[in-house]
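Chemist: See work_34.cif below, with mmCIF, C-alpha atoms.
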```cif
data_protein
loop_
_atom_site.label_atom_id
_atom_site.label_comp_id
_atom_site.auth_asym_id
_atom_site.auth_seq_id
_atom_site.Cartn_x
_atom_site.Cartn_y
_atom_site.Cartn_z
CA MET A 1 -32.36 10.27 7.14
CA THR A 2 -30.85 12.78 9.56
CA GLY A 3 -28.53 10.52 11.56
CA PRO A 4 -24.93 11.36 12.31
CA VAL A 5 -22.16 11.27 9.72
CA GLU A 6 -19.62 8.61 10.70
CA PHE A 7 -16.01 9.65 10.05
CA TRP A 8 -13.76 6.57 10.15
CA PHE A 9 -9.99 6.92 10.01
CA ASP A 10 -6.61 5.60 11.07
CA PHE A 11 -4.50 8.17 12.92
CA SER A 12 -1.58 7.16 10.71
CA SER A 13 -3.33 8.20 7.47
CA PRO A 14 -2.26 11.51 5.90
CA TYR A 15 -5.48 11.83 3.93
CA ALA A 16 -7.33 11.46 7.25
CA TYR A 17 -5.23 14.37 8.54
CA PHE A 18 -6.60 16.50 5.70
CA ALA A 19 -10.15 15.25 6.25
CA ALA A 20 -9.91 15.92 10.00
CA ALA A 21 -8.88 19.49 9.27
CA GLU A 22 -11.83 20.04 6.93
CA VAL A 23 -14.74 17.89 8.04
CA ASP A 24 -16.24 20.18 10.71
CA ARG A 25 -16.20 23.27 8.54
CA ARG A 26 -17.47 21.51 5.44
CA LEU A 27 -20.30 19.58 7.05
CA ALA A 28 -21.41 22.19 9.60
CA PRO A 29 -23.98 23.79 7.22
CA PHE A 30 -25.94 20.53 7.14
CA GLY A 31 -26.60 20.38 10.87
CA ARG A 32 -25.57 16.74 11.18
CA GLU A 33 -23.54 15.41 14.06
CA VAL A 34 -20.14 14.08 12.95
CA VAL A 35 -19.02 11.02 14.92
CA TRP A 36 -15.25 10.44 14.85
CA ARG A 37 -14.27 6.79 14.77
CA PRO A 38 -10.56 5.85 14.71
CA PHE A 39 -9.81 2.22 13.82
CA LEU A 40 -6.83 0.16 12.70
CA ILE A 41 -6.59 0.18 8.91
CA GLY A 42 -4.08 -2.68 8.87
CA VAL A 43 -6.82 -5.26 9.32
CA ALA A 44 -8.72 -3.83 6.35
CA PHE A 45 -5.53 -3.89 4.27
CA GLN A 46 -5.33 -7.62 4.86
CA LEU A 47 -8.86 -8.05 3.48
CA THR A 48 -8.48 -5.85 0.43
CA GLY A 49 -4.92 -6.75 -0.46
CA MET A 50 -4.03 -3.07 -0.28
CA GLY A 51 -1.23 -1.66 1.83
CA PRO A 52 0.09 1.70 2.96
CA VAL A 53 0.17 3.78 -0.20
CA SER A 54 3.61 5.15 0.66
CA GLN A 55 5.06 1.67 0.22
CA ALA A 56 3.52 1.00 -3.20
CA PRO A 57 5.75 1.12 -6.28
CA LEU A 58 5.25 4.36 -8.28
CA ARG A 59 2.13 5.24 -6.32
CA GLY A 60 4.16 5.82 -3.15
CA ALA A 61 6.23 8.70 -4.52
CA TYR A 62 3.12 10.10 -6.18
CA ALA A 63 1.09 9.97 -2.96
CA LEU A 64 3.73 11.94 -1.10
CA ARG A 65 3.66 14.62 -3.79
CA ASP A 66 -0.13 14.57 -3.77
CA CYS A 67 -0.14 15.04 0.02
CA ARG A 68 2.26 17.96 -0.13
CA ARG A 69 0.06 19.63 -2.74
CA ILE A 70 -3.09 19.14 -0.67
CA ALA A 71 -1.34 20.41 2.47
CA ASP A 72 -0.26 23.55 0.56
CA MET A 73 -3.81 24.02 -0.70
CA LEU A 74 -5.28 23.69 2.79
CA LYS A 75 -2.44 25.77 4.27
CA LEU A 76 -1.52 22.94 6.66
CA PRO A 77 2.03 22.09 7.71
CA PHE A 78 3.15 18.68 6.43
CA ASN A 79 6.30 17.03 7.74
CA LEU A 80 6.18 13.31 7.18
CA ARG A 81 8.30 11.35 9.63
CA GLU A 82 10.57 8.55 8.54
CA ASP A 83 8.61 6.11 10.71
CA PHE A 84 5.49 6.65 8.56
CA PRO A 85 3.16 4.75 8.60
CA TYR A 86 3.24 4.31 12.36
CA PRO A 87 1.32 1.89 14.59
CA SER A 88 -1.52 4.08 15.88
CA GLN A 89 -2.86 1.80 18.62
CA ALA A 90 -1.82 4.01 21.54
CA VAL A 91 -3.28 7.21 20.12
CA ALA A 92 -6.50 5.49 19.01
CA ARG A 93 -6.95 3.94 22.47
CA ALA A 94 -6.39 7.34 24.09
CA PHE A 95 -9.06 8.78 21.79
CA TYR A 96 -11.62 6.30 23.10
CA TRP A 97 -10.70 7.13 26.70
CA PHE A 98 -11.66 10.73 26.01
CA ASP A 99 -14.63 9.72 23.88
CA GLN A 100 -16.29 7.72 26.66
CA GLU A 101 -16.32 10.85 28.82
CA ASP A 102 -16.81 13.63 26.25
CA PRO A 103 -16.76 13.22 22.45
CA VAL A 104 -16.05 16.92 21.95
CA ILE A 105 -12.81 16.67 23.92
CA ALA A 106 -11.96 13.47 22.06
CA VAL A 107 -12.21 15.33 18.75
CA ARG A 108 -9.95 18.09 20.07
CA PHE A 109 -7.43 15.47 21.12
CA ALA A 110 -7.68 13.81 17.69
CA LYS A 111 -6.97 17.09 15.92
CA ALA A 112 -3.99 17.65 18.20
CA ALA A 113 -2.72 14.15 17.38
CA PHE A 114 -2.96 14.77 13.62
CA ALA A 115 -1.27 18.15 13.96
CA ALA A 116 1.48 16.69 16.13
CA TYR A 117 2.32 13.78 13.85
CA PHE A 118 1.78 15.20 10.35
CA GLY A 119 2.35 18.88 11.10
CA GLU A 120 5.12 18.95 13.68
CA GLY A 121 6.60 15.55 12.93
CA ARG A 122 6.29 14.35 16.51
CA ASP A 123 6.62 10.67 17.41
CA LEU A 124 3.29 9.17 18.53
CA ARG A 125 4.12 5.48 18.56
CA GLY A 126 4.59 5.06 22.29
CA VAL A 127 2.37 5.33 25.31
CA GLU A 128 4.49 8.07 26.88
CA SER A 129 4.38 10.41 23.89
CA VAL A 130 0.63 9.89 23.63
CA GLN A 131 0.20 10.70 27.32
CA ALA A 132 2.20 13.89 26.89
CA LEU A 133 0.03 14.85 23.95
CA ALA A 134 -3.14 14.10 25.93
CA MET A 135 -2.16 16.08 29.03
CA PRO A 136 -3.74 19.43 28.05
CA PHE A 137 -7.07 17.68 27.39
CA THR A 138 -7.45 15.61 30.55
CA ASP A 139 -8.77 18.47 32.72
CA GLY A 140 -6.90 16.95 35.65
CA ARG A 141 -8.62 13.61 35.22
CA ASP A 142 -6.45 10.60 36.11
CA GLY A 143 -6.54 7.16 34.61
CA LEU A 144 -5.24 7.50 31.03
CA ALA A 145 -2.02 5.64 31.81
CA GLN A 146 -3.91 2.70 33.30
CA TRP A 147 -6.41 2.76 30.42
CA LEU A 148 -3.68 2.62 27.78
CA SER A 149 -2.29 -0.60 29.21
CA SER A 150 -5.69 -2.12 30.03
CA GLN A 151 -7.38 -5.03 28.38
CA GLU A 152 -10.52 -2.91 28.09
CA ALA A 153 -8.81 -0.35 25.86
CA LYS A 154 -7.63 -3.13 23.55
CA VAL A 155 -11.12 -4.57 23.38
CA VAL A 156 -12.74 -1.21 22.60
CA LEU A 157 -10.37 -0.53 19.70
CA ARG A 158 -10.71 -4.10 18.45
CA GLU A 159 -14.51 -3.78 18.52
CA ARG A 160 -14.44 -0.46 16.67
CA THR A 161 -12.18 -1.99 14.04
CA ALA A 162 -14.52 -4.96 13.69
CA GLU A 163 -17.46 -2.55 13.41
CA ALA A 164 -15.66 -0.66 10.64
CA LEU A 165 -15.10 -3.84 8.65
CA ASP A 166 -18.70 -4.95 9.26
CA LYS A 167 -19.86 -1.67 7.76
CA GLY A 168 -17.65 -2.08 4.69
CA VAL A 169 -15.08 0.51 5.73
CA PHE A 170 -11.86 -0.49 3.95
CA GLY A 171 -9.91 2.77 3.71
CA SER A 172 -8.99 5.92 5.58
CA PRO A 173 -10.62 8.38 5.73
CA PHE A 174 -14.04 6.88 5.15
CA PHE A 175 -17.42 8.53 5.61
CA LEU A 176 -20.76 6.83 6.17
CA VAL A 177 -23.82 8.99 5.61
CA ASP A 178 -27.14 7.22 6.11
CA GLY A 179 -25.24 4.05 5.22
CA GLU A 180 -23.84 5.57 2.00
CA PRO A 181 -20.06 5.00 1.81
CA PHE A 182 -17.53 7.64 0.73
CA TRP A 183 -13.83 6.79 0.65
CA GLY A 184 -11.12 9.42 0.73
CA TRP A 185 -10.52 13.06 1.57
CA ASP A 186 -11.29 13.83 -2.06
CA ARG A 187 -14.87 12.60 -1.64
CA LEU A 188 -15.80 15.36 0.83
CA PRO A 189 -17.42 17.40 -1.97
CA MET A 190 -19.55 14.35 -2.80
CA VAL A 191 -20.48 13.95 0.87
CA GLU A 192 -21.61 17.58 0.75
CA ALA A 193 -23.58 16.95 -2.44
CA TRP A 194 -25.22 13.90 -0.85
CA LEU A 195 -26.18 15.84 2.28
CA ARG A 196 -27.57 18.66 0.15
CA GLN A 197 -29.79 16.17 -1.67
CA HIS A 198 -30.88 14.35 1.49
CA GLU A 199 -31.41 17.15 3.95
CA GLY A 200 -33.74 16.27 6.79
CA PRO A 201 -36.31 18.62 8.28
CA GLY A 202 -33.86 19.68 10.99
CA ALA A 203 -31.29 20.88 8.49
CA LYS A 204 -33.95 22.67 6.48
CA LEU A 205 -34.73 24.84 9.50
CA SER A 206 -31.13 25.69 10.26
CA GLY A 207 -30.66 28.72 8.06
CA PRO A 208 -29.72 29.86 4.58
CA GLU A 209 -26.27 28.20 4.72
CA ALA A 210 -27.94 24.82 5.06
CA ARG A 211 -30.26 25.49 2.15
CA SER A 212 -27.60 26.78 -0.16
CA GLY A 213 -25.41 23.85 0.82
CA LEU A 214 -22.35 26.06 0.64
CA ALA A 215 -19.63 25.75 3.23
CA PRO A 216 -18.82 29.09 4.86
CA MET B 1 5.29 26.69 -18.44
CA THR B 2 2.49 26.90 -20.98
CA GLY B 3 2.83 23.53 -22.66
CA PRO B 4 -0.05 21.20 -23.35
CA VAL B 5 -1.84 19.23 -20.64
CA GLU B 6 -1.36 15.51 -21.26
CA PHE B 7 -4.47 13.43 -20.57
CA TRP B 8 -3.50 9.76 -20.28
CA PHE B 9 -6.17 7.07 -20.01
CA ASP B 10 -7.23 3.53 -20.80
CA PHE B 11 -10.49 3.33 -22.77
CA SER B 12 -11.65 0.64 -20.35
CA SER B 13 -11.47 2.95 -17.31
CA PRO B 14 -14.78 4.33 -15.99
CA TYR B 15 -13.07 7.21 -14.21
CA ALA B 16 -11.48 8.10 -17.56
CA TYR B 17 -15.01 8.19 -19.01
CA PHE B 18 -15.89 10.84 -16.43
CA ALA B 19 -12.67 12.75 -17.02
CA ALA B 20 -13.18 12.65 -20.80
CA ALA B 21 -16.62 14.16 -20.35
CA GLU B 22 -15.29 17.00 -18.21
CA VAL B 23 -11.73 17.79 -19.23
CA ASP B 24 -12.44 20.15 -22.15
CA ARG B 25 -14.96 22.26 -20.27
CA ARG B 26 -12.91 22.43 -17.08
CA LEU B 27 -9.55 23.25 -18.63
CA ALA B 28 -10.77 25.51 -21.44
CA PRO B 29 -10.45 28.71 -19.34
CA PHE B 30 -6.69 28.19 -19.07
CA GLY B 31 -6.01 28.26 -22.79
CA ARG B 32 -3.83 25.16 -22.73
CA GLU B 33 -3.97 22.49 -25.38
CA VAL B 34 -5.15 19.13 -24.01
CA VAL B 35 -3.41 16.17 -25.64
CA TRP B 36 -5.35 12.89 -25.36
CA ARG B 37 -3.14 9.84 -24.92
CA PRO B 38 -4.76 6.41 -24.61
CA PHE B 39 -2.49 3.63 -23.37
CA LEU B 40 -2.82 0.13 -21.92
CA ILE B 41 -3.16 0.30 -18.16
CA GLY B 42 -2.55 -3.44 -17.75
CA VAL B 43 1.20 -2.98 -18.09
CA ALA B 44 1.18 -0.34 -15.34
CA PHE B 45 -0.89 -2.66 -13.13
CA GLN B 46 1.89 -5.20 -13.36
CA LEU B 47 4.41 -2.63 -12.10
CA THR B 48 2.33 -1.24 -9.25
CA GLY B 49 0.74 -4.47 -8.11
CA MET B 50 -2.65 -2.88 -8.61
CA GLY B 51 -5.43 -4.36 -10.70
CA PRO B 52 -8.81 -3.39 -12.08
CA VAL B 53 -10.60 -1.85 -9.11
CA SER B 54 -13.79 -3.72 -9.93
CA GLN B 55 -12.05 -6.99 -9.13
CA ALA B 56 -10.70 -5.90 -5.73
CA PRO B 57 -12.35 -7.27 -2.58
CA LEU B 58 -14.63 -4.67 -0.90
CA ARG B 59 -13.24 -1.88 -3.08
CA GLY B 60 -14.84 -3.38 -6.19
CA ALA B 61 -18.44 -3.03 -5.00
CA TYR B 62 -17.62 0.40 -3.61
CA ALA B 63 -16.08 1.58 -6.89
CA LEU B 64 -19.21 0.61 -8.81
CA ARG B 65 -21.35 2.61 -6.38
CA ASP B 66 -18.91 5.50 -6.57
CA CYS B 67 -19.10 5.45 -10.37
CA ARG B 68 -22.91 5.45 -10.39
CA ARG B 69 -22.90 8.42 -8.04
CA ILE B 70 -20.44 10.35 -10.20
CA ALA B 71 -22.39 9.52 -13.35
CA ASP B 72 -25.58 10.83 -11.70
CA MET B 73 -23.77 13.97 -10.63
CA LEU B 74 -22.43 14.59 -14.14
CA LYS B 75 -25.77 13.56 -15.68
CA LEU B 76 -24.06 10.86 -17.75
CA PRO B 77 -25.59 7.48 -18.57
CA PHE B 78 -23.72 4.60 -16.94
CA ASN B 79 -24.38 1.01 -17.95
CA LEU B 80 -21.45 -1.18 -17.07
CA ARG B 81 -21.18 -4.27 -19.25
CA GLU B 82 -20.50 -7.69 -17.81
CA ASP B 83 -17.28 -7.91 -19.82
CA PHE B 84 -15.80 -4.97 -17.86
CA PRO B 85 -12.87 -4.38 -17.83
CA TYR B 86 -12.41 -5.04 -21.54
CA PRO B 87 -9.24 -5.26 -23.63
CA SER B 88 -9.09 -1.83 -25.23
CA GLN B 89 -6.35 -2.46 -27.79
CA ALA B 90 -8.60 -2.14 -30.86
CA VAL B 91 -10.21 1.11 -29.81
CA ALA B 92 -6.89 2.63 -28.70
CA ARG B 93 -5.26 1.69 -32.00
CA ALA B 94 -8.18 3.24 -33.89
CA PHE B 95 -7.69 6.42 -31.86
CA TYR B 96 -4.10 6.72 -33.05
CA TRP B 97 -5.17 6.19 -36.66
CA PHE B 98 -7.39 9.28 -36.34
CA ASP B 99 -4.81 11.12 -34.25
CA GLN B 100 -2.10 10.89 -36.90
CA GLU B 101 -4.40 12.69 -39.34
CA ASP B 102 -6.36 15.04 -37.05
CA PRO B 103 -6.23 15.09 -33.23
CA VAL B 104 -9.56 16.92 -33.05
CA ILE B 105 -11.34 14.09 -34.85
CA ALA B 106 -9.48 11.58 -32.67
CA VAL B 107 -10.89 13.24 -29.55
CA ARG B 108 -14.40 13.10 -31.02
CA PHE B 109 -13.92 9.42 -31.71
CA ALA B 110 -12.62 8.89 -28.16
CA LYS B 111 -15.69 10.55 -26.66
CA ALA B 112 -17.90 8.40 -28.85
CA ALA B 113 -16.04 5.29 -27.66
CA PHE B 114 -16.52 6.22 -23.99
CA ALA B 115 -20.20 6.99 -24.56
CA ALA B 116 -20.72 3.75 -26.48
CA TYR B 117 -19.09 1.49 -23.90
CA PHE B 118 -19.99 3.12 -20.58
CA GLY B 119 -23.17 4.91 -21.62
CA GLU B 120 -24.86 2.58 -24.08
CA GLY B 121 -23.21 -0.63 -22.95
CA ARG B 122 -21.91 -1.47 -26.44
CA ASP B 123 -19.25 -4.12 -26.98
CA LEU B 124 -15.94 -2.59 -28.09
CA ARG B 125 -13.61 -5.55 -27.76
CA GLY B 126 -13.45 -6.52 -31.40
CA VAL B 127 -12.11 -4.91 -34.53
CA GLU B 128 -15.52 -4.97 -36.25
CA SER B 129 -17.37 -3.15 -33.49
CA VAL B 130 -14.60 -0.54 -33.34
CA GLN B 131 -14.81 -0.04 -37.12
CA ALA B 132 -18.57 0.45 -36.88
CA LEU B 133 -18.04 3.01 -34.14
CA ALA B 134 -15.37 4.79 -36.18
CA MET B 135 -17.40 4.99 -39.40
CA PRO B 136 -19.03 8.42 -38.79
CA PHE B 137 -15.60 9.97 -38.13
CA THR B 138 -13.62 8.65 -41.12
CA ASP B 139 -14.90 11.27 -43.58
CA GLY B 140 -14.78 8.60 -46.24
CA ARG B 141 -11.13 7.87 -45.62
CA ASP B 142 -10.14 4.23 -46.12
CA GLY B 143 -7.49 2.27 -44.33
CA LEU B 144 -8.73 1.82 -40.76
CA ALA B 145 -9.32 -1.92 -41.22
CA GLN B 146 -5.78 -2.44 -42.52
CA TRP B 147 -4.35 -0.21 -39.80
CA LEU B 148 -6.09 -2.16 -37.02
CA SER B 149 -4.42 -5.38 -38.09
CA SER B 150 -1.07 -3.79 -38.91
CA GLN B 151 2.20 -4.17 -37.08
CA GLU B 152 2.54 -0.38 -37.15
CA ALA B 153 -0.63 0.11 -35.07
CA LYS B 154 0.67 -2.32 -32.48
CA VAL B 155 3.98 -0.51 -32.32
CA VAL B 156 2.38 2.91 -31.93
CA LEU B 157 0.24 1.78 -29.00
CA ARG B 158 3.14 -0.08 -27.43
CA GLU B 159 5.31 3.04 -27.71
CA ARG B 160 2.65 5.24 -26.17
CA THR B 161 2.27 2.79 -23.31
CA ALA B 162 6.03 2.76 -22.79
CA GLU B 163 6.02 6.57 -22.86
CA ALA B 164 3.31 6.61 -20.19
CA LEU B 165 5.34 4.36 -17.91
CA ASP B 166 8.49 6.40 -18.56
CA LYS B 167 6.62 9.49 -17.42
CA GLY B 168 5.42 7.79 -14.24
CA VAL B 169 1.83 7.36 -15.39
CA PHE B 170 0.48 4.40 -13.40
CA GLY B 171 -3.28 4.96 -13.36
CA SER B 172 -6.20 6.08 -15.47
CA PRO B 173 -7.08 8.85 -15.90
CA PHE B 174 -3.78 10.60 -15.33
CA PHE B 175 -2.90 14.22 -16.09
CA LEU B 176 0.56 15.68 -16.64
CA VAL B 177 0.80 19.46 -16.41
CA ASP B 178 4.29 20.87 -16.90
CA GLY B 179 5.49 17.48 -15.64
CA GLU B 180 3.30 17.65 -12.51
CA PRO B 181 1.34 14.39 -12.12
CA PHE B 182 -2.36 14.18 -11.17
CA TRP B 183 -4.04 10.79 -10.86
CA GLY B 184 -7.79 10.36 -11.06
CA TRP B 185 -10.94 12.09 -12.20
CA ASP B 186 -11.20 13.50 -8.68
CA ARG B 187 -7.97 15.46 -9.14
CA LEU B 188 -9.40 17.69 -11.89
CA PRO B 189 -10.08 20.47 -9.34
CA MET B 190 -6.41 20.27 -8.34
CA VAL B 191 -5.35 20.41 -12.00
CA GLU B 192 -7.43 23.58 -12.25
CA ALA B 193 -5.84 25.00 -9.10
CA TRP B 194 -2.39 24.19 -10.49
CA LEU B 195 -3.14 25.88 -13.82
CA ARG B 196 -4.53 28.90 -12.00
CA GLN B 197 -1.27 29.21 -10.06
CA HIS B 198 0.98 28.64 -13.08
CA GLU B 199 -0.73 30.60 -15.80
CA GLY B 200 1.52 31.59 -18.63
CA PRO B 201 1.39 34.94 -20.41
CA GLY B 202 -0.87 33.48 -23.11
CA ALA B 203 -3.52 32.44 -20.64
CA LYS B 204 -3.33 35.78 -18.88
CA LEU B 205 -4.36 37.50 -22.09
CA SER B 206 -7.29 35.23 -22.81
CA GLY B 207 -10.01 36.99 -20.86
CA PRO B 208 -11.60 37.25 -17.45
CA GLU B 209 -12.56 33.56 -17.35
CA ALA B 210 -8.87 32.65 -17.43
CA ARG B 211 -8.05 35.06 -14.63
CA SER B 212 -10.89 33.98 -12.38
CA GLY B 213 -10.01 30.38 -13.08
CA LEU B 214 -13.68 29.43 -13.02
CA ALA B 215 -15.01 26.92 -15.49
CA PRO B 216 -18.00 28.24 -17.45
#
```
As a first step, turn the structure in this file into structure tokens.
Modeler:
Amino acid sequence: MTGPVEFWFDFSSPYAYFAAAEVDRRLAPFGREVVWRPFLIGVAFQLTGMGPVSQAPLRGAYALRDCRRIADMLKLPFNLREDFPYPSQAVARAFYWFDQEDPVIAVRFAKAAFAAYFGEGRDLRGVESVQALAMPFTDGRDGLAQWLSSQEAKVVLRERTAEALDKGVFGSPFFLVDGEPFWGWDRLPMVEAWLRQHEGPGAKLSGPEARSGLAP
Amino acid sequence: MTGPVEFWFDFSSPYAYFAAAEVDRRLAPFGREVVWRPFLIGVAFQLTGMGPVSQAPLRGAYALRDCRRIADMLKLPFNLREDFPYPSQAVARAFYWFDQEDPVIAVRFAKAAFAAYFGEGRDLRGVESVQALAMPFTDGRDGLAQWLSSQEAKVVLRERTAEALDKGVFGSPFFLVDGEPFWGWDRLPMVEAWLRQHEGPGAKLSGPEARSGLAP
């Protein structure tokens, strides 16, 4: 009962942008590893009959307003590009290139990608813009360009997407905690409540913050 | 900027059940009137292309789990009937019969209806079951039976539903605060944050709870 928290998301999801900005801080007191898992939400949309919320009648305009409010609350910049939602294959594949070498760097890259697209309004559809974004994180390592056009990168992302669907992940962001599913940025308080109730022995030893269950 | 908070909902919505249980306590510190407005969500579903969440692939099973978790958290009984979602015309019409005479009694009746359906698993589809539920709130007043079968009751509910759609209400529960829309039980903390930021002079005079913005 003390496994990692799985954080599933599509890089093109604004609510995932908010979750990505909050998840480390909010879950840190519980001493659980958080595993970041980008996938392609489009496949899930086909299964559920849902679509990008921005394109839904009535709900679309509401969601934009909702996002602006949340961004204000979290003090995050929010500049939605006209190409939203964008195909996030290139950025998700780049994530897994970093992830195979060092998950910590991959998470830093992911945060930079969210900040670039939703904060600065930068284009992340193409391979070249993703490479430019990745540059500061490569530590001089070559091979990202080849990876992005490789069959292997496609397979990895396809397998992660299949894994997400196998696990019942149908939205973004989506958290799995000991198999318990939580959909949406707005469920982070419930993830916290769940972790508080199901703390393992490791978390119990990790200080008063863990016991109180309060985020710093 | 100190008008009432409008609380729109369909009696057949489990998330409205949760909101109904919380809204008074959470919004009381702000000194705003809360106006309860049942309507028929089915018409909104037609406009948005959404449907009852329980019938959606993948999301349906998740929503049930989500509801059980929320009910546990709020310490509310939750026994979903097999006829869910149910046609809530009769109970919504009964609400407006009470509301025309005394909105406070109407709210008590509404809470009883939520508790009966979602807590005790009682059938509320028919006129007779709704009359039985309403009995303790009538204070001996006659006329509910006639009202429930009247053209006037149909018109009132139809007008309220049209009003909801006019105001951009497309889900249940849905809050309107000074025209600002909030969709979902999970947005109550954001309604609180909004009220905290937009307190009118009346609220400012109503004590330290109002200023701290903390629910009791």
Chemist: Hey, can you check how far CA of Leu176 (chain B) sits from CA of Cys67 (chain B)?
Modeler: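 For CA of Leu176 (chain B) relative to CA of Cys67 (chain B), the distance reads 23.0 Å.
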Chemist: Report as a PyMOL selection string the full result of the PyMOL selection byres ((chain B and resi 113) around 10) when it is applied to this structure.
Modeler: chain B and resi 11-12+17+91-92+95+107-112+114-120+122-124+130+133-134
Chemist: Within 12 Å of chain B, which residues of chain A show up when using all atoms listed in the file, listed as a ChimeraX atom specification?
Modeler: /A:44-51,53-67,69-74,165-171,174,180-191,193-194,197
Chemist: Between B:Ala21, B:Phe175, B:Ala94, B:Leu195, single out the one closest to Lys75 (chain B), counting all atoms listed in the file.
Modeler: B:Ala21
Chemist: Neighbours of Leu27 (chain B) within 9 Å (only C-alpha atoms; same-chain residues fewer than 5 positions away dropped), as an MDAnalysis selection string?
Modeler: chainID B and resid 5 22 32:34 188 191:192 195 215
Chemist: I'd like to know which of A:Pro38, A:Gly126, A:Phe18, A:Pro136 is closest to Pro77 (chain A), using all atoms listed in the file.
Modeler: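 Looking at the shortest contact to Pro77 (chain A), the residue is A:Phe18.
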Chemist: Go through A:Asp10, A:Arg196, A:Ala20, A:Thr138 one by one, measure the shortest atom-to-atom distance of each to Val43 (chain A) using all atoms listed in the file, and give the residue with the smallest value.
Modeler: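 The answer is A:Asp10, which sits nearest to Val43 (chain A).
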Chemist: CA of Gly143 (chain B) and CA of Val35 (chain B) are how many Å apart?
Modeler: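 According to the coordinates, CA of Gly143 (chain B) and CA of Val35 (chain B) are separated by 23.6 Å.
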Chemist: Run the PyMOL selection byres ((chain B and resi 147-149) around 9) on the file and write out the hits as a ChimeraX atom specification.
Modeler: /B:90-91,93-94,97,127,131,143-146,150-154
Chemist: How far is it from CA of Asp178 (chain A) to CA of His198 (chain A), in Å with one decimal?
Modeler: 9.3 Å
